[in-house]
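Participant: This one is protein.cif, mmCIF, C-alpha atoms; chains and numbers go by the auth columns.
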data_work
loop_
_atom_site.group_PDB
_atom_site.id
_atom_site.type_symbol
_atom_site.label_atom_id
_atom_site.label_comp_id
_atom_site.label_asym_id
_atom_site.label_seq_id
_atom_site.Cartn_x
_atom_site.Cartn_y
_atom_site.Cartn_z
_atom_site.B_iso_or_equiv
_atom_site.auth_seq_id
_atom_site.auth_asym_id
ATOM 1 C CA MET A 1 -3.688 25.611 6.234 0.00 1 A
ATOM 2 C CA ALA A 2 -0.564 26.696 8.060 0.00 2 A
ATOM 3 C CA SER A 3 2.674 25.277 6.711 0.00 3 A
ATOM 4 C CA ASP A 4 3.697 24.132 10.204 0.00 4 A
ATOM 5 C CA TYR A 5 0.829 21.619 10.321 0.00 5 A
ATOM 6 C CA SER A 6 2.119 18.041 10.494 0.00 6 A
ATOM 7 C CA PRO A 7 -0.496 15.426 9.668 0.00 7 A
ATOM 8 C CA LEU A 8 -0.586 12.324 11.838 0.00 8 A
ATOM 9 C CA ILE A 9 0.062 9.377 9.533 0.00 9 A
ATOM 10 C CA LEU A 10 -0.347 5.700 10.344 0.00 10 A
ATOM 11 C CA VAL A 11 1.678 3.304 8.210 0.00 11 A
ATOM 12 C CA LEU A 12 0.494 -0.297 8.201 0.00 12 A
ATOM 13 C CA ALA A 13 3.621 -2.159 7.089 0.00 13 A
ATOM 14 C CA THR A 14 3.563 -5.865 6.268 0.00 14 A
ATOM 15 C CA SER A 15 5.944 -8.051 8.275 0.00 15 A
ATOM 16 C CA SER A 16 7.355 -9.833 5.253 0.00 16 A
ATOM 17 C CA CYS A 17 7.963 -6.886 2.909 0.00 17 A
ATOM 18 C CA ALA A 18 7.269 -3.287 3.859 0.00 18 A
ATOM 19 C CA TYR A 19 8.316 -3.384 7.517 0.00 19 A
ATOM 20 C CA PRO A 20 11.824 -4.668 6.718 0.00 20 A
ATOM 21 C CA GLY A 21 12.017 -1.852 4.160 0.00 21 A
ATOM 22 C CA ALA A 22 11.052 0.689 6.822 0.00 22 A
ATOM 23 C CA ASP A 23 13.534 -0.895 9.206 0.00 23 A
ATOM 24 C CA GLU A 24 16.287 -0.442 6.619 0.00 24 A
ATOM 25 C CA VAL A 25 15.570 3.307 6.727 0.00 25 A
ATOM 26 C CA GLY A 26 16.495 3.306 10.404 0.00 26 A
ATOM 27 C CA LYS A 27 19.537 1.103 9.857 0.00 27 A
ATOM 28 C CA ALA A 28 20.752 3.567 7.232 0.00 28 A
ATOM 29 C CA HIS A 29 20.284 6.388 9.797 0.00 29 A
ATOM 30 C CA LEU A 30 17.837 8.167 7.501 0.00 30 A
ATOM 31 C CA GLU A 31 14.898 10.072 8.908 0.00 31 A
ATOM 32 C CA TYR A 32 11.273 10.822 8.261 0.00 32 A
ATOM 33 C CA SER A 33 8.847 13.014 10.184 0.00 33 A
ATOM 34 C CA PRO A 34 8.093 12.068 13.796 0.00 34 A
ATOM 35 C CA ASN A 35 4.363 12.345 13.056 0.00 35 A
ATOM 36 C CA ILE A 36 4.588 9.143 10.988 0.00 36 A
ATOM 37 C CA HIS A 37 3.887 5.997 13.001 0.00 37 A
ATOM 38 C CA VAL A 38 4.822 2.629 11.498 0.00 38 A
ATOM 39 C CA VAL A 39 2.996 -0.463 12.735 0.00 39 A
ATOM 40 C CA ARG A 40 4.165 -3.941 11.769 0.00 40 A
ATOM 41 C CA VAL A 41 1.252 -6.144 10.674 0.00 41 A
ATOM 42 C CA PRO A 42 1.104 -9.666 9.212 0.00 42 A
ATOM 43 C CA SER A 43 -1.235 -8.497 6.452 0.00 43 A
ATOM 44 C CA PRO A 44 -3.338 -5.330 6.185 0.00 44 A
ATOM 45 C CA VAL A 45 -6.235 -7.385 4.807 0.00 45 A
ATOM 46 C CA LEU A 46 -6.900 -8.381 8.437 0.00 46 A
ATOM 47 C CA PHE A 47 -8.251 -4.893 9.160 0.00 47 A
ATOM 48 C CA PRO A 48 -11.941 -4.318 8.350 0.00 48 A
ATOM 49 C CA THR A 49 -13.257 -1.088 6.888 0.00 49 A
ATOM 50 C CA ASP A 50 -14.406 0.206 10.263 0.00 50 A
ATOM 51 C CA PHE A 51 -10.792 0.074 11.540 0.00 51 A
ATOM 52 C CA TYR A 52 -9.729 2.791 9.097 0.00 52 A
ATOM 53 C CA LEU A 53 -12.738 4.938 9.919 0.00 53 A
ATOM 54 C CA ARG A 54 -12.089 4.518 13.647 0.00 54 A
ATOM 55 C CA CYS A 55 -8.517 5.712 13.096 0.00 55 A
ATOM 56 C CA TYR A 56 -9.781 8.865 11.406 0.00 56 A
ATOM 57 C CA MET A 57 -12.360 9.311 14.141 0.00 57 A
ATOM 58 C CA ARG A 58 -9.532 9.268 16.688 0.00 58 A
ATOM 59 C CA GLY A 59 -7.439 11.859 14.874 0.00 59 A
ATOM 60 C CA VAL A 60 -5.272 9.964 12.397 0.00 60 A
ATOM 61 C CA ASP A 61 -5.079 12.229 9.358 0.00 61 A
ATOM 62 C CA GLY A 62 -3.925 9.631 6.852 0.00 62 A
ATOM 63 C CA ILE A 63 -3.216 5.934 6.496 0.00 63 A
ATOM 64 C CA LEU A 64 -0.530 4.525 4.247 0.00 64 A
ATOM 65 C CA ILE A 65 -0.927 0.813 3.659 0.00 65 A
ATOM 66 C CA ALA A 66 2.521 -0.471 2.735 0.00 66 A
ATOM 67 C CA SER A 67 2.043 -4.017 1.545 0.00 67 A
ATOM 68 C CA CYS A 68 3.864 -6.699 -0.408 0.00 68 A
ATOM 69 C CA GLY A 69 1.661 -6.073 -3.403 0.00 69 A
ATOM 70 C CA SER A 70 1.165 -9.059 -5.681 0.00 70 A
ATOM 71 C CA ASP A 71 4.130 -10.778 -3.948 0.00 71 A
ATOM 72 C CA CYS A 72 2.041 -11.267 -0.805 0.00 72 A
ATOM 73 C CA PRO A 73 2.695 -14.669 0.797 0.00 73 A
ATOM 74 C CA TYR A 74 -1.025 -15.032 1.639 0.00 74 A
ATOM 75 C CA THR A 75 -3.126 -16.310 -1.249 0.00 75 A
ATOM 76 C CA SER A 76 -5.311 -13.574 -2.781 0.00 76 A
ATOM 77 C CA ALA A 77 -4.812 -11.286 0.238 0.00 77 A
ATOM 78 C CA TYR A 78 -3.628 -8.343 -1.877 0.00 78 A
ATOM 79 C CA GLU A 79 -6.608 -8.598 -4.216 0.00 79 A
ATOM 80 C CA LYS A 80 -8.991 -8.684 -1.247 0.00 80 A
ATOM 81 C CA LEU A 81 -7.186 -5.721 0.309 0.00 81 A
ATOM 82 C CA ALA A 82 -7.412 -3.716 -2.918 0.00 82 A
ATOM 83 C CA LYS A 83 -11.178 -4.362 -3.085 0.00 83 A
ATOM 84 C CA ARG A 84 -11.592 -3.350 0.567 0.00 84 A
ATOM 85 C CA ILE A 85 -9.685 -0.101 0.001 0.00 85 A
ATOM 86 C CA ASP A 86 -11.766 0.633 -3.105 0.00 86 A
ATOM 87 C CA ALA A 87 -14.927 0.183 -1.027 0.00 87 A
ATOM 88 C CA LEU A 88 -13.439 2.337 1.738 0.00 88 A
ATOM 89 C CA THR A 89 -12.555 5.190 -0.612 0.00 89 A
ATOM 90 C CA THR A 90 -16.041 5.060 -2.132 0.00 90 A
ATOM 91 C CA LEU A 91 -17.567 5.272 1.333 0.00 91 A
ATOM 92 C CA MET A 92 -15.217 8.105 2.292 0.00 92 A
ATOM 93 C CA LYS A 93 -16.083 10.063 -0.832 0.00 93 A
ATOM 94 C CA GLU A 94 -19.820 9.624 -0.222 0.00 94 A
ATOM 95 C CA GLY A 95 -19.397 10.771 3.387 0.00 95 A
ATOM 96 C CA GLY A 96 -17.277 13.820 2.633 0.00 96 A
ATOM 97 C CA LEU A 97 -13.865 12.526 3.743 0.00 97 A
ATOM 98 C CA GLU A 98 -11.087 13.061 1.272 0.00 98 A
ATOM 99 C CA MET A 99 -10.010 9.867 -0.517 0.00 99 A
ATOM 100 C CA GLU A 100 -6.425 11.122 -0.391 0.00 100 A
ATOM 101 C CA ARG A 101 -6.356 10.196 3.294 0.00 101 A
ATOM 102 C CA VAL A 102 -5.758 6.536 2.445 0.00 102 A
ATOM 103 C CA ARG A 103 -3.174 5.111 0.112 0.00 103 A
ATOM 104 C CA LEU A 104 -2.197 1.582 -0.854 0.00 104 A
ATOM 105 C CA THR A 105 1.349 0.956 -2.024 0.00 105 A
ATOM 106 C CA ALA A 106 3.802 -1.918 -2.418 0.00 106 A
ATOM 107 C CA ILE A 107 7.173 -1.678 -0.667 0.00 107 A
ATOM 108 C CA CYS A 108 9.845 -4.366 -0.866 0.00 108 A
ATOM 109 C CA THR A 109 12.212 -5.461 1.894 0.00 109 A
ATOM 110 C CA VAL A 110 15.082 -3.231 0.761 0.00 110 A
ATOM 111 C CA CYS A 111 13.149 -0.302 -0.713 0.00 111 A
ATOM 112 C CA ILE A 112 14.557 2.507 1.419 0.00 112 A
ATOM 113 C CA LYS A 113 14.058 5.221 -1.181 0.00 113 A
ATOM 114 C CA ALA A 114 10.578 3.997 -2.048 0.00 114 A
ATOM 115 C CA PHE A 115 9.532 3.989 1.612 0.00 115 A
ATOM 116 C CA LEU A 116 10.848 7.512 2.175 0.00 116 A
ATOM 117 C CA LYS A 117 9.225 8.691 -1.050 0.00 117 A
ATOM 118 C CA GLU A 118 5.826 7.216 -0.120 0.00 118 A
ATOM 119 C CA VAL A 119 5.722 8.667 3.401 0.00 119 A
ATOM 120 C CA GLY A 120 6.955 12.015 2.089 0.00 120 A
ATOM 121 C CA GLN A 121 4.321 12.105 -0.642 0.00 121 A
ATOM 122 C CA MET A 122 1.605 11.122 1.806 0.00 122 A
ATOM 123 C CA GLU A 123 2.619 13.920 4.145 0.00 123 A
ATOM 124 C CA GLU A 124 2.662 16.494 1.332 0.00 124 A
ATOM 125 C CA GLN A 125 -0.698 15.263 0.054 0.00 125 A
ATOM 126 C CA LEU A 126 -2.300 15.621 3.494 0.00 126 A
ATOM 127 C CA ARG A 127 -0.805 18.942 4.536 0.00 127 A
ATOM 128 C CA PRO A 128 -3.134 21.125 2.408 0.00 128 A
ATOM 129 C CA LEU A 129 -6.171 19.080 3.513 0.00 129 A
ATOM 130 C CA GLY A 130 -5.615 19.902 7.160 0.00 130 A
ATOM 131 C CA PRO A 131 -6.749 17.786 10.090 0.00 131 A
ATOM 132 C CA VAL A 132 -9.294 15.057 9.483 0.00 132 A
ATOM 133 C CA ASP A 133 -12.936 15.911 10.158 0.00 133 A
ATOM 134 C CA ARG A 134 -13.563 13.608 13.128 0.00 134 A
ATOM 135 C CA ALA A 135 -17.333 14.157 13.051 0.00 135 A
ATOM 136 C CA LYS A 136 -17.566 12.963 9.437 0.00 136 A
ATOM 137 C CA ALA A 137 -15.329 10.014 10.268 0.00 137 A
ATOM 138 C CA GLU A 138 -17.542 9.087 13.213 0.00 138 A
ATOM 139 C CA ALA A 139 -20.678 9.261 11.075 0.00 139 A
ATOM 140 C CA LEU A 140 -19.062 6.988 8.481 0.00 140 A
ATOM 141 C CA TRP A 141 -17.859 4.611 11.182 0.00 141 A
ATOM 142 C CA GLU A 142 -21.387 4.345 12.597 0.00 142 A
ATOM 143 C CA LYS A 143 -22.716 3.652 9.097 0.00 143 A
ATOM 144 C CA ALA A 144 -20.090 0.938 8.550 0.00 144 A
ATOM 145 C CA ILE A 145 -20.913 -0.697 11.889 0.00 145 A
ATOM 146 C CA LYS A 146 -24.635 -0.746 11.043 0.00 146 A
ATOM 147 C CA GLU A 147 -23.893 -2.376 7.694 0.00 147 A
ATOM 148 C CA LEU A 148 -21.722 -5.000 9.386 0.00 148 A
ATOM 149 C CA GLU A 149 -24.487 -5.743 11.912 0.00 149 A
ATOM 150 C CA GLU A 150 -27.044 -6.061 9.115 0.00 150 A
ATOM 151 C CA GLN A 151 -24.749 -8.457 7.229 0.00 151 A
ATOM 152 C CA ALA A 152 -24.287 -10.546 10.381 0.00 152 A
ATOM 153 C CA HIS A 153 -28.055 -10.742 10.938 0.00 153 A
ATOM 154 C CA THR A 154 -28.632 -11.695 7.294 0.00 154 A
ATOM 155 C CA LYS A 155 -26.048 -14.495 7.487 0.00 155 A
ATOM 156 C CA ALA A 156 -27.469 -15.745 10.788 0.00 156 A
ATOM 157 C CA ALA A 157 -31.013 -15.902 9.392 0.00 157 A
#
Before anything else, please render the file you have as structure tokens.
Facilitator:
Amino acid sequence: MASDYSPLILVLATSSCAYPGADEVGKAHLEYSPNIHVVRVPSPVLFPTDFYLRCYMRGVDGILIASCGSDCPYTSAYEKLAKRIDALTTLMKEGGLEMERVRLTAICTVCIKAFLKEVGQMEEQLRPLGPVDRAKAEALWEKAIKELEEQAHTKAA
């Protein structure tokens, strides 16, 4: 892959921990690549598996989930998130998408260096992989949607 390739990275940053840390990067007038998009979220556990697959399907090359870790203000949210990401990476591996395209990390409110390190490592990890295979992502997304529909029908019955 050409060295000028810049992977598109989505960072889901928790409002109470990781986003303030990312904000401190800007306040300190430090920089990271413009291909990294930070989105402030209350808790990443709110996003179902199909959300991540849809992101890949639409051209996001990698997703960094910057959470509060075990300091999460929502009871057992981090544990549920970790299980969801484990299931996601298993599904990705089975479907031929590289597991390295998703990463879960804990960032505190003042962790400027940690934030920069994580986004830098994610970018370096993705660069040799090249752009995401959107067709594989779409196939996995369709599979995830079918499983969700089946679960809904089972619960309704």
Participant: Hey, what's within 10 Å of Ala13 (chain A) if we count only C-alpha atoms and toss same-chain stuff fewer than 4 positions away? As a PyMOL selection string, please?
Facilitator: chain A and resi 17-22+38-44+64-68+105-107
Participant: Write a file of the selected residues as a compact mmCIF listing (two decimals), in the frame of the given file, keeping C-alpha atoms.
Facilitator:
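Saved result, again.txt, follows:
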# COMPACT_ATOMS: atom_id res chain seq x y z
CA CYS A 17 7.96 -6.89 2.91
CA ALA A 18 7.27 -3.29 3.86
CA TYR A 19 8.32 -3.38 7.52
CA PRO A 20 11.82 -4.67 6.72
CA GLY A 21 12.02 -1.85 4.16
CA ALA A 22 11.05 0.69 6.82
CA VAL A 38 4.82 2.63 11.50
CA VAL A 39 3.00 -0.46 12.74
CA ARG A 40 4.16 -3.94 11.77
CA VAL A 41 1.25 -6.14 10.67
CA PRO A 42 1.10 -9.67 9.21
CA SER A 43 -1.24 -8.50 6.45
CA PRO A 44 -3.34 -5.33 6.18
CA LEU A 64 -0.53 4.53 4.25
CA ILE A 65 -0.93 0.81 3.66
CA ALA A 66 2.52 -0.47 2.74
CA SER A 67 2.04 -4.02 1.54
CA CYS A 68 3.86 -6.70 -0.41
CA THR A 105 1.35 0.96 -2.02
CA ALA A 106 3.80 -1.92 -2.42
CA ILE A 107 7.17 -1.68 -0.67
Participant: Give me the result of the PyMOL selection byres ((chain A and resi 92) around 12) on this file, residue by residue, as a ChimeraX atom specification.
Facilitator: /A:49-50,52-53,56,85-91,93-102,132-133,136-141,143-144
Participant: I want to know what sits within 9 Å of Ser6 (chain A), based on only C-alpha atoms, with residues of the same chain fewer than 2 positions away left out; could you give that as a PDB file with C-alpha atoms, in the coordinates of the input?
Facilitator:
ATOM      1  CA  SER A   3       2.674  25.277   6.711  1.00  0.00           C
ATOM      2  CA  ASP A   4       3.697  24.132  10.204  1.00  0.00           C
ATOM      3  CA  LEU A   8      -0.586  12.324  11.838  1.00  0.00           C
ATOM      4  CA  ILE A   9       0.062   9.377   9.533  1.00  0.00           C
ATOM      5  CA  SER A  33       8.847  13.014  10.184  1.00  0.00           C
ATOM      6  CA  ASN A  35       4.363  12.345  13.056  1.00  0.00           C
ATOM      7  CA  GLU A 123       2.619  13.920   4.145  1.00  0.00           C
ATOM      8  CA  LEU A 126      -2.300  15.621   3.494  1.00  0.00           C
ATOM      9  CA  ARG A 127      -0.805  18.942   4.536  1.00  0.00           C
ATOM     10  CA  GLY A 130      -5.615  19.902   7.160  1.00  0.00           C
ATOM     11  CA  PRO A 131      -6.749  17.786  10.090  1.00  0.00           C
TER      12      PRO A 131
END
Participant: Would you work out the distance separating CA of Ala152 (chain A) from CA of Pro48 (chain A), expressed in Å to one decimal?
Facilitator: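 Taking CA of Ala152 (chain A) as the start and CA of Pro48 (chain A) as the end point, the length is 14.0 Å.
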Participant: How many Å separate CA of Glu118 (chain A) from CA of Glu31 (chain A)?
Facilitator: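 Value for the CA of Glu118 (chain A)-CA of Glu31 (chain A) distance: 13.1 Å.
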Participant: Which residues of region 118-149 of chain A have any atom within 12 Å of an atom in region 108-114 of chain A when counting only C-alpha atoms, and what is the closest pair of atoms for each, with the distance in Å to one decimal? Order the rows by chain and rising number and write it as CSV.
Facilitator:
residue,atom,partner,partner_atom,distance
A:Glu118,CA,A:Ala114,CA,6.1
A:Val119,CA,A:Ala114,CA,8.7
A:Gly120,CA,A:Ala114,CA,9.7
A:Gln121,CA,A:Ala114,CA,10.3
Participant: Can you tell me how far CA of Lys80 (chain A) sits from CA of Ser15 (chain A), in Å to one decimal?
Facilitator: 17.7 Å
Participant: Which is closer to Leu12 (chain A) than all the others in A:Arg103, A:Gly59, A:Ala156, A:Ala77, using only C-alpha atoms?
Facilitator: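 Of the candidates, the smallest distance to Leu12 (chain A) is held by A:Arg103.
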